[in-house]
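A.B. asks: The structure under discussion is supplied below as structure tokens; questions concerning it will follow.
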Amino acid sequence: MATTSANEKNEHRVFSQKILSAADDVQRLSETRKDAFPLFLDKHMPLIQDRQLKCSIGMAPWVNLNILEELKSFSRVFAMRPGRFNVGGTGFFHAFGLWCVIRSKKPSTIIESGIHNGLGTWIMRQAAGNHTKFILVSPSAPGIYKDESRTTQYFTGNKFRDFNDLPWNLLVPDKNDSLIFFDDHQAGIRRIKEARKFGFKFVMFDDNYIPGHGDNLSAKKLCNPNIYSSLNNPVFTYQDDFGKKSRRLSNNDYFVLVQDFRDSVHTYAEFPPVWNGPNRIGVTNEIWSSIGQPALFNFKAVHSFAGIQIDVSESLQYTHFVYMELFV
């Protein structure tokens, strides 16, 4: 397992101090001017990603894969998926992200929190092979696919317990080779803290929404605060549990959470869109491309070499699927 160097820890302490100082500045500004937030962003965003809107920390695990060959293999698998229409579940883009992370990390244990119909489980099983242990956590049993491996454990129905309430030290004694997929619409920053508490290092998030959208305080809403100015959305909100819990955050409270995020995350890598297409937020292509990674391919190329029928509107399901490595 990789360890955190003294230099890395010192860099994060310095960053945290700057963030808190910036939060103090914005609090003072907001008390005197209603339009102070854009001025704050203009003044302080060099602290974060050199004024850019994207966020990327560390190295993505899929950089050593042959993405074109992986896409060809994945497309053949995706064409055989159980249940042709997975409404509200994993689409082509995020499923390919799962595939590439698992093919590169090769975890011995995969934990999925929020399994819906089970398509994400099925994709991960195809990518991981038969020897990987699965632990699947969700209030209801999957609607379409149930994994029948003898090593798979389900915590659903009357056996359901929230991720934070399960005895992970008993279920997964060795966390070094485990990978978690959070697709449960809970606050991303809360799940990050909970995973770290149990000693987990490698996590993925499906519902990584941009500010002003989605139903949880996602990692993307904390990783680079400059994104708020580009979306004309200076309101900081804490959302959790499918948006059932929601409250306005003060500027200081928000930047404390930014500090928590930076102190927790060693690597933040968004899996790129597979192709350019319409986005679910309805912003212009210029804004959309400025806040995320460039597409891997164009749609015509994917359609030609994938060898299966693909709907261009699959891009509407993309919500900046992200892989993270945590400090533990």
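Residues are named by chain letter and number: chains run A, B, ... in the order of the structure tokens, numbers start at 1 in each chain, and ligands are numbered from 1 in the order shown.
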Applying 10 Å and only C-alpha atoms, which residues near Ile287 of chain A remain after dropping the ones on its own chain fewer than 6 positions away? List them as JSON, numbers by chain.
C.D. replies: {"A": [53, 227, 230, 231]}
A.B. asks: Excluding segment 162-173 of chain A and residues on its chain fewer than 3 positions from it, collect all residues at most 12 Å away from it, counting only C-alpha atoms, and give them as a PyMOL selection string.
C.D. replies: chain A and resi 108-114+133-140+151-159+176-184+186+190-200+241
A.B. asks: Write a file of the selected residues as a short mmCIF file (atom, residue, chain, number, x, y, z; two decimals), in the first residue's frame, keeping N, CA and C atoms.
C.D. replies:
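Written out: out.cif:
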data_model
loop_
_atom_site.label_atom_id
_atom_site.label_comp_id
_atom_site.auth_asym_id
_atom_site.auth_seq_id
_atom_site.Cartn_x
_atom_site.Cartn_y
_atom_site.Cartn_z
N SER A 108 -9.26 -7.63 -5.32
CA SER A 108 -9.69 -8.96 -4.86
C SER A 108 -11.09 -8.89 -4.26
N THR A 109 -11.51 -7.69 -3.81
CA THR A 109 -12.85 -7.50 -3.25
C THR A 109 -13.46 -6.23 -3.83
N ILE A 110 -14.71 -6.31 -4.25
CA ILE A 110 -15.45 -5.15 -4.73
C ILE A 110 -16.69 -4.97 -3.85
N ILE A 111 -16.87 -3.75 -3.39
CA ILE A 111 -18.04 -3.39 -2.58
C ILE A 111 -18.88 -2.40 -3.38
N GLU A 112 -20.17 -2.68 -3.48
CA GLU A 112 -21.08 -1.78 -4.19
C GLU A 112 -22.17 -1.34 -3.24
N SER A 113 -22.30 -0.03 -3.03
CA SER A 113 -23.35 0.52 -2.19
C SER A 113 -24.37 1.21 -3.10
N GLY A 114 -25.56 0.60 -3.21
CA GLY A 114 -26.58 1.08 -4.14
C GLY A 114 -26.54 0.27 -5.42
N LYS A 133 -14.27 -11.32 -4.89
CA LYS A 133 -15.36 -11.33 -3.90
C LYS A 133 -16.18 -10.05 -4.05
N PHE A 134 -17.51 -10.19 -4.03
CA PHE A 134 -18.41 -9.04 -4.10
C PHE A 134 -19.19 -8.92 -2.80
N ILE A 135 -19.32 -7.69 -2.29
CA ILE A 135 -20.20 -7.38 -1.17
C ILE A 135 -21.15 -6.28 -1.63
N LEU A 136 -22.44 -6.56 -1.64
CA LEU A 136 -23.42 -5.69 -2.28
C LEU A 136 -24.44 -5.20 -1.26
N VAL A 137 -24.58 -3.87 -1.19
CA VAL A 137 -25.36 -3.23 -0.14
C VAL A 137 -26.42 -2.33 -0.75
N SER A 138 -27.69 -2.59 -0.43
CA SER A 138 -28.78 -1.77 -0.98
C SER A 138 -30.07 -2.08 -0.23
N PRO A 139 -30.95 -1.09 -0.07
CA PRO A 139 -32.20 -1.36 0.65
C PRO A 139 -33.04 -2.47 0.03
N SER A 140 -33.07 -2.55 -1.30
CA SER A 140 -33.89 -3.55 -2.00
C SER A 140 -33.02 -4.50 -2.80
N THR A 151 -18.99 -16.61 -3.19
CA THR A 151 -18.32 -15.67 -2.29
C THR A 151 -19.05 -14.34 -2.18
N THR A 152 -20.11 -14.15 -2.96
CA THR A 152 -20.84 -12.88 -2.94
C THR A 152 -21.74 -12.79 -1.72
N GLN A 153 -21.73 -11.63 -1.09
CA GLN A 153 -22.59 -11.36 0.06
C GLN A 153 -23.51 -10.20 -0.25
N TYR A 154 -24.81 -10.41 -0.03
CA TYR A 154 -25.80 -9.35 -0.22
C TYR A 154 -26.29 -8.85 1.14
N PHE A 155 -26.34 -7.54 1.30
CA PHE A 155 -26.99 -6.91 2.45
C PHE A 155 -28.14 -6.08 1.91
N THR A 156 -29.24 -6.76 1.62
CA THR A 156 -30.44 -6.14 1.05
C THR A 156 -31.67 -6.60 1.82
N GLY A 157 -32.80 -5.93 1.55
CA GLY A 157 -34.04 -6.32 2.20
C GLY A 157 -33.93 -6.24 3.71
N ASN A 158 -34.35 -7.30 4.40
CA ASN A 158 -34.29 -7.28 5.87
C ASN A 158 -32.87 -7.43 6.42
N LYS A 159 -31.91 -7.70 5.53
CA LYS A 159 -30.51 -7.76 5.95
C LYS A 159 -29.78 -6.43 5.71
N ASN A 176 -6.43 -3.26 1.61
CA ASN A 176 -5.47 -2.77 0.63
C ASN A 176 -5.80 -3.14 -0.81
N ASP A 177 -6.56 -4.21 -0.98
CA ASP A 177 -6.85 -4.71 -2.32
C ASP A 177 -8.35 -4.66 -2.61
N SER A 178 -9.05 -3.72 -1.95
CA SER A 178 -10.50 -3.61 -2.10
C SER A 178 -10.85 -2.33 -2.86
N LEU A 179 -11.98 -2.37 -3.54
CA LEU A 179 -12.46 -1.24 -4.33
C LEU A 179 -13.94 -1.05 -4.05
N ILE A 180 -14.34 0.20 -3.72
CA ILE A 180 -15.74 0.51 -3.42
C ILE A 180 -16.35 1.31 -4.56
N PHE A 181 -17.58 0.94 -4.92
CA PHE A 181 -18.36 1.71 -5.88
C PHE A 181 -19.59 2.26 -5.16
N PHE A 182 -19.60 3.59 -4.96
CA PHE A 182 -20.74 4.25 -4.34
C PHE A 182 -21.69 4.74 -5.42
N ASP A 183 -22.88 4.17 -5.44
CA ASP A 183 -23.93 4.58 -6.38
C ASP A 183 -25.23 4.69 -5.59
N ASP A 184 -25.15 5.36 -4.42
CA ASP A 184 -26.26 5.34 -3.48
C ASP A 184 -26.86 6.71 -3.18
N GLN A 186 -25.86 9.29 -1.69
CA GLN A 186 -25.55 9.91 -0.41
C GLN A 186 -24.48 10.97 -0.63
N ARG A 190 -19.43 12.74 2.80
CA ARG A 190 -19.69 11.87 3.95
C ARG A 190 -19.19 10.46 3.67
N ARG A 191 -19.45 9.94 2.47
CA ARG A 191 -18.98 8.61 2.12
C ARG A 191 -17.45 8.54 2.10
N ILE A 192 -16.80 9.59 1.66
CA ILE A 192 -15.34 9.63 1.67
C ILE A 192 -14.82 9.50 3.10
N LYS A 193 -15.41 10.25 4.02
CA LYS A 193 -14.98 10.19 5.41
C LYS A 193 -15.23 8.81 6.01
N GLU A 194 -16.38 8.22 5.67
CA GLU A 194 -16.71 6.90 6.21
C GLU A 194 -15.78 5.83 5.68
N ALA A 195 -15.48 5.89 4.38
CA ALA A 195 -14.55 4.92 3.80
C ALA A 195 -13.17 5.01 4.46
N ARG A 196 -12.71 6.23 4.67
CA ARG A 196 -11.40 6.42 5.32
C ARG A 196 -11.41 5.88 6.75
N LYS A 197 -12.53 6.10 7.44
CA LYS A 197 -12.62 5.65 8.83
C LYS A 197 -12.40 4.15 8.95
N PHE A 198 -12.89 3.41 7.94
CA PHE A 198 -12.74 1.95 7.96
C PHE A 198 -11.43 1.49 7.33
N GLY A 199 -10.65 2.41 6.79
CA GLY A 199 -9.36 2.05 6.21
C GLY A 199 -9.38 1.74 4.73
N PHE A 200 -10.49 2.05 4.05
CA PHE A 200 -10.55 1.84 2.60
C PHE A 200 -9.84 2.98 1.87
N ASP A 241 -28.71 11.92 1.15
CA ASP A 241 -29.81 10.97 1.16
C ASP A 241 -30.86 11.30 0.09
#
A.B. asks: Please report, as a PyMOL selection string, each residue of segment 73-169 of chain A to which DSSP assigns helix (DSSP H, G or I) when run on this structure's backbone.
C.D. replies: chain A and resi 73-78+92-105+119-128+157-159+163-165+168-169
A.B. asks: Atoms to include: N, CA and C atoms. Write the selected residues as a compact mmCIF listing (two decimals), in the first residue's frame.
C.D. replies:
# COMPACT_ATOMS: atom_id res chain seq x y z
N SER A 73 -13.59 -4.62 -26.41
CA SER A 73 -13.97 -5.76 -25.56
C SER A 73 -15.21 -5.43 -24.74
N PHE A 74 -15.22 -4.23 -24.18
CA PHE A 74 -16.35 -3.82 -23.35
C PHE A 74 -17.65 -3.77 -24.16
N SER A 75 -17.59 -3.26 -25.37
CA SER A 75 -18.79 -3.12 -26.19
C SER A 75 -19.45 -4.47 -26.45
N ARG A 76 -18.62 -5.48 -26.68
CA ARG A 76 -19.18 -6.83 -26.90
C ARG A 76 -19.86 -7.34 -25.63
N VAL A 77 -19.26 -7.04 -24.49
CA VAL A 77 -19.86 -7.45 -23.22
C VAL A 77 -21.15 -6.66 -22.96
N PHE A 78 -21.10 -5.36 -23.18
CA PHE A 78 -22.26 -4.50 -22.92
C PHE A 78 -23.46 -4.93 -23.76
N PHE A 92 -23.87 3.48 -20.60
CA PHE A 92 -22.69 3.05 -21.34
C PHE A 92 -21.42 3.73 -20.83
N PHE A 93 -21.46 5.07 -20.63
CA PHE A 93 -20.27 5.81 -20.25
C PHE A 93 -19.74 5.36 -18.89
N HIS A 94 -20.61 5.32 -17.90
CA HIS A 94 -20.17 4.96 -16.55
C HIS A 94 -19.82 3.48 -16.45
N ALA A 95 -20.54 2.66 -17.20
CA ALA A 95 -20.22 1.23 -17.21
C ALA A 95 -18.81 1.01 -17.78
N PHE A 96 -18.44 1.77 -18.81
CA PHE A 96 -17.09 1.65 -19.36
C PHE A 96 -16.06 2.17 -18.35
N GLY A 97 -16.42 3.19 -17.58
CA GLY A 97 -15.53 3.65 -16.52
C GLY A 97 -15.29 2.58 -15.48
N LEU A 98 -16.37 1.90 -15.05
CA LEU A 98 -16.23 0.78 -14.12
C LEU A 98 -15.30 -0.29 -14.69
N TRP A 99 -15.55 -0.63 -15.93
CA TRP A 99 -14.76 -1.66 -16.62
C TRP A 99 -13.27 -1.32 -16.59
N CYS A 100 -12.94 -0.08 -16.95
CA CYS A 100 -11.52 0.30 -17.06
C CYS A 100 -10.85 0.38 -15.69
N VAL A 101 -11.55 0.87 -14.68
CA VAL A 101 -10.95 0.92 -13.35
C VAL A 101 -10.67 -0.49 -12.85
N ILE A 102 -11.63 -1.38 -13.00
CA ILE A 102 -11.47 -2.74 -12.50
C ILE A 102 -10.42 -3.50 -13.29
N ARG A 103 -10.38 -3.32 -14.59
CA ARG A 103 -9.37 -3.99 -15.42
C ARG A 103 -7.96 -3.51 -15.07
N SER A 104 -7.85 -2.27 -14.62
CA SER A 104 -6.52 -1.75 -14.28
C SER A 104 -6.14 -2.05 -12.83
N LYS A 105 -7.10 -1.98 -11.90
CA LYS A 105 -6.80 -2.20 -10.48
C LYS A 105 -6.77 -3.68 -10.08
N LEU A 119 -27.27 -3.94 -12.88
CA LEU A 119 -26.45 -3.90 -14.09
C LEU A 119 -25.01 -3.53 -13.78
N GLY A 120 -24.81 -2.58 -12.86
CA GLY A 120 -23.44 -2.24 -12.46
C GLY A 120 -22.72 -3.44 -11.89
N THR A 121 -23.43 -4.23 -11.08
CA THR A 121 -22.85 -5.46 -10.53
C THR A 121 -22.42 -6.39 -11.65
N TRP A 122 -23.30 -6.57 -12.63
CA TRP A 122 -23.02 -7.48 -13.74
C TRP A 122 -21.80 -7.01 -14.54
N ILE A 123 -21.73 -5.70 -14.83
CA ILE A 123 -20.58 -5.16 -15.57
C ILE A 123 -19.30 -5.40 -14.79
N MET A 124 -19.33 -5.12 -13.50
CA MET A 124 -18.13 -5.30 -12.68
C MET A 124 -17.71 -6.77 -12.61
N ARG A 125 -18.70 -7.67 -12.56
CA ARG A 125 -18.37 -9.10 -12.56
C ARG A 125 -17.69 -9.51 -13.86
N GLN A 126 -18.16 -9.00 -14.98
CA GLN A 126 -17.54 -9.34 -16.27
C GLN A 126 -16.11 -8.81 -16.33
N ALA A 127 -15.89 -7.63 -15.76
CA ALA A 127 -14.55 -7.04 -15.79
C ALA A 127 -13.61 -7.72 -14.81
N ALA A 128 -14.14 -8.15 -13.66
CA ALA A 128 -13.29 -8.67 -12.59
C ALA A 128 -13.00 -10.16 -12.72
N GLY A 157 -32.80 -5.93 1.55
CA GLY A 157 -34.04 -6.32 2.20
C GLY A 157 -33.93 -6.24 3.71
N ASN A 158 -34.35 -7.30 4.40
CA ASN A 158 -34.29 -7.28 5.87
C ASN A 158 -32.87 -7.43 6.42
N LYS A 159 -31.91 -7.70 5.53
CA LYS A 159 -30.51 -7.76 5.95
C LYS A 159 -29.78 -6.43 5.71
N PHE A 163 -23.97 1.41 4.61
CA PHE A 163 -22.53 1.18 4.50
C PHE A 163 -21.80 1.50 5.79
N ASN A 164 -22.16 2.61 6.43
CA ASN A 164 -21.46 3.06 7.62
C ASN A 164 -21.74 2.19 8.85
N ASP A 165 -22.75 1.34 8.75
CA ASP A 165 -23.14 0.52 9.91
C ASP A 165 -22.71 -0.94 9.80
N TRP A 168 -17.05 -3.69 8.76
CA TRP A 168 -16.10 -3.87 7.67
C TRP A 168 -14.80 -4.52 8.12
N ASN A 169 -14.41 -4.34 9.35
CA ASN A 169 -13.18 -4.98 9.81
C ASN A 169 -13.33 -6.50 9.85
A.B. asks: When DSSP is applied to the backbone of this structure, which of segment 133-257 of chain A are assigned strand (DSSP E)? Write them out as a list in words.
C.D. replies: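 These are the residues in question: Lys133, Phe134, Ile135, Leu136, Val137, Gln153, Tyr154, Phe155, Ser178, Leu179, Ile180, Phe181, Phe182, Phe202, Val203, Met204, Phe205, Thr237, Tyr238, Gln239, Asp240, Lys245, Ser246, Arg247 and Arg248 of chain A.
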A.B. asks: Rounded to one decimal, what separation in Å do you get between atom CA of Met204 of chain A and atom CA of Met324 of chain A?
C.D. replies: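 Computed distance, atom CA of Met204 of chain A to atom CA of Met324 of chain A, equals 6.1 Å.
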A.B. asks: Of the residues A:Ile189, A:Leu71, A:Val328, A:Ile291, which is the one nearest to Val256 of chain A, using only C-alpha atoms?
C.D. replies: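 That would be A:Ile189, the residue with the smallest distance to Val256 of chain A.
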A.B. asks: Tell me which protein, DNA and RNA residues are within 9 Å of Ile144 of chain A, counting only C-alpha atoms, leaving out same-chain ones fewer than 5 positions away, and put them as number ranges by chain.
C.D. replies: A: 82-83, 116-119
A.B. asks: Please dump the current selection as an mmCIF file, in the first residue's frame; keep N, CA and C atoms.
C.D. replies:
data_model
loop_
_atom_site.group_PDB
_atom_site.id
_atom_site.type_symbol
_atom_site.label_atom_id
_atom_site.label_comp_id
_atom_site.auth_asym_id
_atom_site.auth_seq_id
_atom_site.Cartn_x
_atom_site.Cartn_y
_atom_site.Cartn_z
ATOM 1 N N PRO A 82 -27.849 -8.024 -19.184
ATOM 2 C CA PRO A 82 -29.225 -8.419 -18.848
ATOM 3 C C PRO A 82 -30.108 -7.182 -18.704
ATOM 4 N N GLY A 83 -31.253 -7.194 -19.339
ATOM 5 C CA GLY A 83 -32.133 -6.034 -19.273
ATOM 6 C C GLY A 83 -31.650 -4.963 -20.224
ATOM 7 N N HIS A 116 -29.457 -0.954 -7.335
ATOM 8 C CA HIS A 116 -30.562 -0.738 -8.269
ATOM 9 C C HIS A 116 -30.953 -2.061 -8.935
ATOM 10 N N ASN A 117 -30.885 -2.121 -10.267
ATOM 11 C CA ASN A 117 -31.286 -3.340 -10.981
ATOM 12 C C ASN A 117 -30.183 -4.389 -11.065
ATOM 13 N N GLY A 118 -28.970 -4.009 -10.705
ATOM 14 C CA GLY A 118 -27.864 -4.964 -10.733
ATOM 15 C C GLY A 118 -27.006 -4.913 -11.977
ATOM 16 N N LEU A 119 -27.268 -3.943 -12.875
ATOM 17 C CA LEU A 119 -26.452 -3.896 -14.094
ATOM 18 C C LEU A 119 -25.008 -3.528 -13.779
#
A.B. asks: Give me the residues within 9 Å of Gln293 of chain A as a ChimeraX atom specification, counting only C-alpha atoms and dropping any in the same chain fewer than 4 places off.
C.D. replies: /A:54-55,270-273,289,320
A.B. asks: What does the file look like for those residues with N, CA and C atoms, as a JSON list (two decimals), in the first residue's frame?
C.D. replies:
[["chain", "number", "residue", "atom", "x", "y", "z"],
["A", 54, "LYS", "N", -11.63, 22.61, -14.38],
["A", 54, "LYS", "CA", -11.53, 21.17, -14.19],
["A", 54, "LYS", "C", -10.86, 20.85, -12.87],
["A", 55, "CYS", "N", -10.94, 19.60, -12.48],
["A", 55, "CYS", "CA", -10.21, 19.14, -11.31],
["A", 55, "CYS", "C", -9.57, 17.80, -11.62],
["A", 270, "GLU", "N", -11.55, 11.88, -13.01],
["A", 270, "GLU", "CA", -12.83, 11.67, -13.67],
["A", 270, "GLU", "C", -12.62, 10.85, -14.94],
["A", 271, "PHE", "N", -13.45, 9.82, -15.11],
["A", 271, "PHE", "CA", -13.37, 9.07, -16.35],
["A", 271, "PHE", "C", -14.02, 9.91, -17.45],
["A", 272, "PRO", "N", -13.34, 10.10, -18.58],
["A", 272, "PRO", "CA", -13.86, 11.01, -19.60],
["A", 272, "PRO", "C", -15.13, 10.48, -20.26],
["A", 273, "PRO", "N", -15.92, 11.38, -20.86],
["A", 273, "PRO", "CA", -17.02, 10.92, -21.72],
["A", 273, "PRO", "C", -16.45, 10.06, -22.85],
["A", 289, "SER", "N", -17.45, 21.33, -21.87],
["A", 289, "SER", "CA", -16.08, 20.87, -22.10],
["A", 289, "SER", "C", -15.09, 21.54, -21.16],
["A", 320, "HIS", "N", -19.88, 12.68, -14.72],
["A", 320, "HIS", "CA", -18.50, 12.80, -14.27],
["A", 320, "HIS", "C", -18.09, 11.69, -13.30]]
A.B. asks: So the first atom is atom CA of Asp206 of chain A and the second is atom CA of Ser56 of chain A; what is the distance between them in Å, to one decimal place?
C.D. replies: 16.6 Å
A.B. asks: Grab the atom CA of Asp260 of chain A to atom CA of Phe236 of chain A distance for me, in Å with one decimal place.
C.D. replies: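 So the answer is 15.4 Å.
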A.B. asks: Would you kindly return, as a compact mmCIF listing (two decimals) with C-alpha atoms, in the first residue's frame, each protein, DNA or RNA residue with an atom no farther than 9 Å from any atom of Thr319 of chain A, considering only C-alpha atoms and excluding same-chain residues fewer than 3 positions away?
C.D. replies:
# COMPACT_ATOMS: atom_id res chain seq x y z
CA HIS A 94 -20.17 4.96 -16.55
CA ASP A 206 -21.39 7.41 -9.90
CA ASP A 207 -23.46 10.49 -8.92
CA ASN A 208 -20.68 13.07 -9.19
CA TYR A 209 -22.89 16.02 -10.11
CA ILE A 210 -21.82 19.60 -10.83
CA ASN A 279 -25.33 16.73 -21.82
CA ARG A 280 -28.00 16.23 -19.20
CA LEU A 316 -27.13 12.30 -21.34
CA VAL A 322 -14.88 9.51 -10.74
A.B. asks: Can you list, as a PyMOL selection string, every protein, DNA or RNA residue that comes within 7 Å of segment 301-310 of chain A when you count only C-alpha atoms, leaving out same-chain residues fewer than 3 positions away?
C.D. replies: chain A and resi 72+75+79+297-298
A.B. asks: Hey, can you spit out that residue selection with C-alpha atoms as a short mmCIF file (atom, residue, chain, number, x, y, z; two decimals), in the first residue's frame?
C.D. replies:
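Final output, again37.cif:
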data_model
loop_
_atom_site.label_atom_id
_atom_site.label_comp_id
_atom_site.auth_asym_id
_atom_site.auth_seq_id
_atom_site.Cartn_x
_atom_site.Cartn_y
_atom_site.Cartn_z
CA LYS A 72 -13.94 -3.04 -28.24
CA SER A 75 -18.79 -3.12 -26.19
CA ALA A 79 -24.29 -5.86 -25.84
CA PHE A 297 -13.54 9.38 -29.18
CA ASN A 298 -16.15 10.82 -31.49
#
